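Participant: As input, take my_file_3.cif (mmCIF, C-alpha atoms and all ligand atoms; chains and numbers go by the auth columns):
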```cif
data_my_file
#
loop_
_atom_site.group_PDB
_atom_site.id
_atom_site.type_symbol
_atom_site.label_atom_id
_atom_site.label_comp_id
_atom_site.label_asym_id
_atom_site.label_seq_id
_atom_site.Cartn_x
_atom_site.Cartn_y
_atom_site.Cartn_z
_atom_site.B_iso_or_equiv
_atom_site.auth_seq_id
_atom_site.auth_asym_id
ATOM 1 C CA MET A 1 18.665 31.444 -48.936 0.00 1 A
ATOM 2 C CA GLU A 2 17.189 34.733 -50.101 0.00 2 A
ATOM 3 C CA GLU A 3 13.428 34.779 -50.191 0.00 3 A
ATOM 4 C CA SER A 4 12.439 38.296 -51.087 0.00 4 A
ATOM 5 C CA THR A 5 14.391 39.049 -54.228 0.00 5 A
ATOM 6 C CA ASP A 6 11.450 38.783 -56.575 0.00 6 A
ATOM 7 C CA LYS A 7 10.591 42.437 -56.735 0.00 7 A
ATOM 8 C CA ALA A 8 13.976 43.035 -58.284 0.00 8 A
ATOM 9 C CA GLY A 9 12.864 41.203 -61.419 0.00 9 A
ATOM 10 C CA ASN A 10 14.116 37.953 -62.853 0.00 10 A
ATOM 11 C CA SER A 11 17.677 38.168 -61.616 0.00 11 A
ATOM 12 C CA GLY A 12 17.565 34.846 -59.800 0.00 12 A
ATOM 13 C CA CYS A 13 15.611 32.888 -62.339 0.00 13 A
ATOM 14 C CA SER A 14 18.433 30.854 -63.829 0.00 14 A
ATOM 15 C CA GLU A 15 18.766 29.141 -60.483 0.00 15 A
ATOM 16 C CA TYR A 16 15.087 28.237 -60.547 0.00 16 A
ATOM 17 C CA LEU A 17 15.212 27.051 -64.113 0.00 17 A
ATOM 18 C CA GLU A 18 17.882 24.566 -63.140 0.00 18 A
ATOM 19 C CA ILE A 19 15.615 23.147 -60.458 0.00 19 A
ATOM 20 C CA LEU A 20 12.783 23.181 -62.936 0.00 20 A
ATOM 21 C CA HIS A 21 14.653 20.864 -65.237 0.00 21 A
ATOM 22 C CA LEU A 22 15.612 18.569 -62.385 0.00 22 A
ATOM 23 C CA MET A 23 12.001 18.445 -61.357 0.00 23 A
ATOM 24 C CA LEU A 24 10.768 17.573 -64.820 0.00 24 A
ATOM 25 C CA ASP A 25 13.311 14.766 -64.897 0.00 25 A
ATOM 26 C CA ASN A 26 12.118 13.638 -61.465 0.00 26 A
ATOM 27 C CA GLU A 27 15.510 14.363 -59.979 0.00 27 A
ATOM 28 C CA ALA A 28 14.638 17.264 -57.700 0.00 28 A
ATOM 29 C CA THR A 29 14.359 16.857 -53.959 0.00 29 A
ATOM 30 C CA LYS A 30 11.147 17.697 -52.119 0.00 30 A
ATOM 31 C CA GLU A 31 12.900 20.752 -50.756 0.00 31 A
ATOM 32 C CA GLN A 32 13.825 21.940 -54.221 0.00 32 A
ATOM 33 C CA GLU A 33 10.291 21.419 -55.445 0.00 33 A
ATOM 34 C CA ASN A 34 8.890 23.567 -52.666 0.00 34 A
ATOM 35 C CA TYR A 35 11.526 26.190 -53.285 0.00 35 A
ATOM 36 C CA LEU A 36 10.628 26.310 -56.946 0.00 36 A
ATOM 37 C CA SER A 37 6.865 26.285 -56.601 0.00 37 A
ATOM 38 C CA ALA A 38 7.005 29.206 -54.167 0.00 38 A
ATOM 39 C CA HIS A 39 8.879 31.166 -56.800 0.00 39 A
ATOM 40 C CA VAL A 40 6.732 30.075 -59.742 0.00 40 A
ATOM 41 C CA ASP A 41 3.739 31.391 -57.811 0.00 41 A
ATOM 42 C CA LYS A 42 5.104 34.874 -58.182 0.00 42 A
ATOM 43 C CA CYS A 43 7.131 34.638 -61.355 0.00 43 A
ATOM 44 C CA MET A 44 5.246 34.469 -64.635 0.00 44 A
ATOM 45 C CA SER A 45 8.425 33.930 -66.587 0.00 45 A
ATOM 46 C CA CYS A 46 9.334 30.753 -64.712 0.00 46 A
ATOM 47 C CA LEU A 47 5.749 29.563 -64.753 0.00 47 A
ATOM 48 C CA LYS A 48 5.766 29.912 -68.515 0.00 48 A
ATOM 49 C CA HIS A 49 9.007 27.988 -68.722 0.00 49 A
ATOM 50 C CA TYR A 50 7.577 25.261 -66.572 0.00 50 A
ATOM 51 C CA GLU A 51 4.457 24.931 -68.721 0.00 51 A
ATOM 52 C CA VAL A 52 6.484 24.929 -71.912 0.00 52 A
ATOM 53 C CA GLU A 53 9.017 22.361 -70.759 0.00 53 A
ATOM 54 C CA LYS A 54 6.297 20.121 -69.390 0.00 54 A
ATOM 55 C CA GLU A 55 4.402 20.365 -72.664 0.00 55 A
ATOM 56 C CA ILE A 56 7.508 19.536 -74.656 0.00 56 A
ATOM 57 C CA ARG A 57 8.206 16.448 -72.589 0.00 57 A
ATOM 58 C CA ILE A 58 4.673 15.164 -73.001 0.00 58 A
ATOM 59 C CA LEU A 59 4.797 15.840 -76.701 0.00 59 A
ATOM 60 C CA ILE A 60 8.120 14.126 -77.158 0.00 60 A
ATOM 61 C CA LYS A 61 6.973 11.129 -75.161 0.00 61 A
ATOM 62 C CA THR A 62 3.844 10.868 -77.269 0.00 62 A
ATOM 63 C CA LYS A 63 5.755 11.267 -80.497 0.00 63 A
ATOM 64 C CA LEU A 64 8.350 8.710 -79.503 0.00 64 A
ATOM 65 C CA THR A 65 5.772 5.977 -79.411 0.00 65 A
ATOM 66 C CA SER A 66 4.778 6.564 -83.001 0.00 66 A
ATOM 67 C CA GLN A 67 7.487 8.349 -84.954 0.00 67 A
ATOM 68 C CA PRO A 68 10.824 10.112 -84.536 0.00 68 A
ATOM 69 C CA VAL A 69 10.740 13.702 -83.321 0.00 69 A
ATOM 70 C CA PRO A 70 12.168 16.248 -85.735 0.00 70 A
ATOM 71 C CA PRO A 71 15.253 17.849 -84.189 0.00 71 A
ATOM 72 C CA GLY A 72 13.803 21.362 -84.320 0.00 72 A
ATOM 73 C CA LEU A 73 10.513 20.497 -82.636 0.00 73 A
ATOM 74 C CA ALA A 74 11.314 21.578 -79.101 0.00 74 A
ATOM 75 C CA SER A 75 12.660 24.959 -80.090 0.00 75 A
ATOM 76 C CA GLU A 76 9.752 25.444 -82.442 0.00 76 A
ATOM 77 C CA ILE A 77 7.269 24.919 -79.628 0.00 77 A
ATOM 78 C CA ARG A 78 9.242 27.261 -77.415 0.00 78 A
ATOM 79 C CA ARG A 79 9.186 29.956 -80.061 0.00 79 A
ATOM 80 C CA LYS A 80 5.464 29.566 -80.647 0.00 80 A
ATOM 81 C CA ILE A 81 4.493 29.768 -77.001 0.00 81 A
ATOM 82 C CA PHE A 82 6.788 32.630 -76.127 0.00 82 A
ATOM 83 C CA LYS A 83 5.618 34.619 -79.118 0.00 83 A
ATOM 84 C CA SER A 84 2.062 34.567 -77.844 0.00 84 A
ATOM 85 C CA ALA A 85 3.138 35.566 -74.323 0.00 85 A
HETATM 86 ZN ZN ZN B . 11.511 33.290 -62.132 0.00 101 A
#
```
Give the structure from the file, written as structure tokens.
Ligand SMILES: [Zn+2]
Facilitator:
Amino acid sequence: MEESTDKAGNSGCSEYLEILHLMLDNEATKEQENYLSAHVDKCMSCLKHYEVEKEIRILIKTKLTSQPVPPGLASEIRRKIFKSA
């Protein structure tokens, strides 16, 4: 495992985003969670992704109890949040 690649930018982020999704689905191992949170500490881009994805899941869960979610909702939220970044 490489641990000091962060100063090079976001080159390794896709790997972390995969773990991020596992984690949000409660499918990540403890080891993966630690691995990710150490990176998110230093990487604003992944932190943002984490916040956004978490928000989307909460929103969808809330919406599901009352009414169907419009298909474009998730990407709309993503666009809104990233625009203000
Ligand atoms: Zn990252």
Participant: Around (14.4, 28.3, -60.5) in the file's frame, which residues reach within 12 Å when counting all atoms listed in the file? Return as a ChimeraX atom specification?
Facilitator: /A:6,10-23,28,32-50
Participant: Of the residues A:Glu31, A:Lys83, A:Leu73, A:Asp25, which is the one nearest to Lys54 (chain A), using all atoms listed in the file?
Facilitator: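 Among A:Glu31, A:Lys83, A:Leu73, A:Asp25, it is A:Asp25 that comes nearest to Lys54 (chain A).
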Participant: What lies within 8 Å of Val52 (chain A) using only C-alpha atoms, ignoring chain neighbours under 4 positions off, as an NGL selection string?
Facilitator: :A and (48 or 56 or 77-78 or 81)
Participant: So what do you get for CA of Glu76 (chain A) versus CA of Arg57 (chain A), distance-wise?
Facilitator: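 A separation of 13.4 Å between them.
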Participant: Between CA of Lys30 (chain A) and CA of Ser75 (chain A), what is the spacing in Å?
Facilitator: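 The value is 28.9 Å.
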Participant: Kindly give the distance, in Å, that separates CA of Arg79 (chain A) and CA of Glu27 (chain A), rounded to a single decimal.
Facilitator: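 Going from CA of Arg79 (chain A) over to CA of Glu27 (chain A) covers 26.2 Å.
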Participant: Would you fill out region 46-66 of chain A with N, CA and C atoms and return it as a short mmCIF file (atom, residue, chain, number, x, y, z; two decimals), in the frame of the given file?
Facilitator:
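Saved result, result01.cif, follows:
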```cif
data_model
loop_
_atom_site.label_atom_id
_atom_site.label_comp_id
_atom_site.auth_asym_id
_atom_site.auth_seq_id
_atom_site.Cartn_x
_atom_site.Cartn_y
_atom_site.Cartn_z
N CYS A 46 8.99 32.13 -65.05
CA CYS A 46 9.33 30.75 -64.71
C CYS A 46 8.13 29.83 -64.86
N LEU A 47 6.96 30.35 -64.57
CA LEU A 47 5.75 29.56 -64.75
C LEU A 47 5.60 29.17 -66.21
N LYS A 48 5.83 30.13 -67.06
CA LYS A 48 5.77 29.91 -68.52
C LYS A 48 6.77 28.83 -68.93
N HIS A 49 7.98 28.98 -68.41
CA HIS A 49 9.01 27.99 -68.72
C HIS A 49 8.57 26.60 -68.29
N TYR A 50 8.01 26.55 -67.11
CA TYR A 50 7.58 25.26 -66.57
C TYR A 50 6.52 24.64 -67.47
N GLU A 51 5.52 25.43 -67.85
CA GLU A 51 4.46 24.93 -68.72
C GLU A 51 5.02 24.45 -70.05
N VAL A 52 5.92 25.26 -70.61
CA VAL A 52 6.48 24.93 -71.91
C VAL A 52 7.29 23.63 -71.85
N GLU A 53 8.16 23.55 -70.86
CA GLU A 53 9.02 22.36 -70.76
C GLU A 53 8.20 21.11 -70.50
N LYS A 54 7.16 21.25 -69.69
CA LYS A 54 6.30 20.12 -69.39
C LYS A 54 5.60 19.65 -70.66
N GLU A 55 5.10 20.64 -71.41
CA GLU A 55 4.40 20.36 -72.66
C GLU A 55 5.32 19.64 -73.65
N ILE A 56 6.54 20.13 -73.73
CA ILE A 56 7.51 19.54 -74.66
C ILE A 56 7.77 18.08 -74.30
N ARG A 57 7.93 17.82 -73.01
CA ARG A 57 8.21 16.45 -72.59
C ARG A 57 7.05 15.51 -72.92
N ILE A 58 5.85 15.99 -72.68
CA ILE A 58 4.67 15.16 -73.00
C ILE A 58 4.61 14.90 -74.49
N LEU A 59 4.84 15.96 -75.24
CA LEU A 59 4.80 15.84 -76.70
C LEU A 59 5.83 14.85 -77.21
N ILE A 60 7.04 15.00 -76.71
CA ILE A 60 8.12 14.13 -77.16
C ILE A 60 7.82 12.67 -76.79
N LYS A 61 7.31 12.48 -75.59
CA LYS A 61 6.97 11.13 -75.16
C LYS A 61 5.92 10.52 -76.07
N THR A 62 4.91 11.34 -76.39
CA THR A 62 3.84 10.87 -77.27
C THR A 62 4.37 10.55 -78.65
N LYS A 63 5.21 11.44 -79.15
CA LYS A 63 5.76 11.27 -80.50
C LYS A 63 6.66 10.04 -80.57
N LEU A 64 7.38 9.81 -79.50
CA LEU A 64 8.35 8.71 -79.50
C LEU A 64 7.69 7.36 -79.72
N THR A 65 6.45 7.25 -79.28
CA THR A 65 5.77 5.98 -79.41
C THR A 65 5.35 5.72 -80.85
N SER A 66 5.23 6.76 -81.63
CA SER A 66 4.78 6.56 -83.00
C SER A 66 5.87 6.83 -84.04
#
```
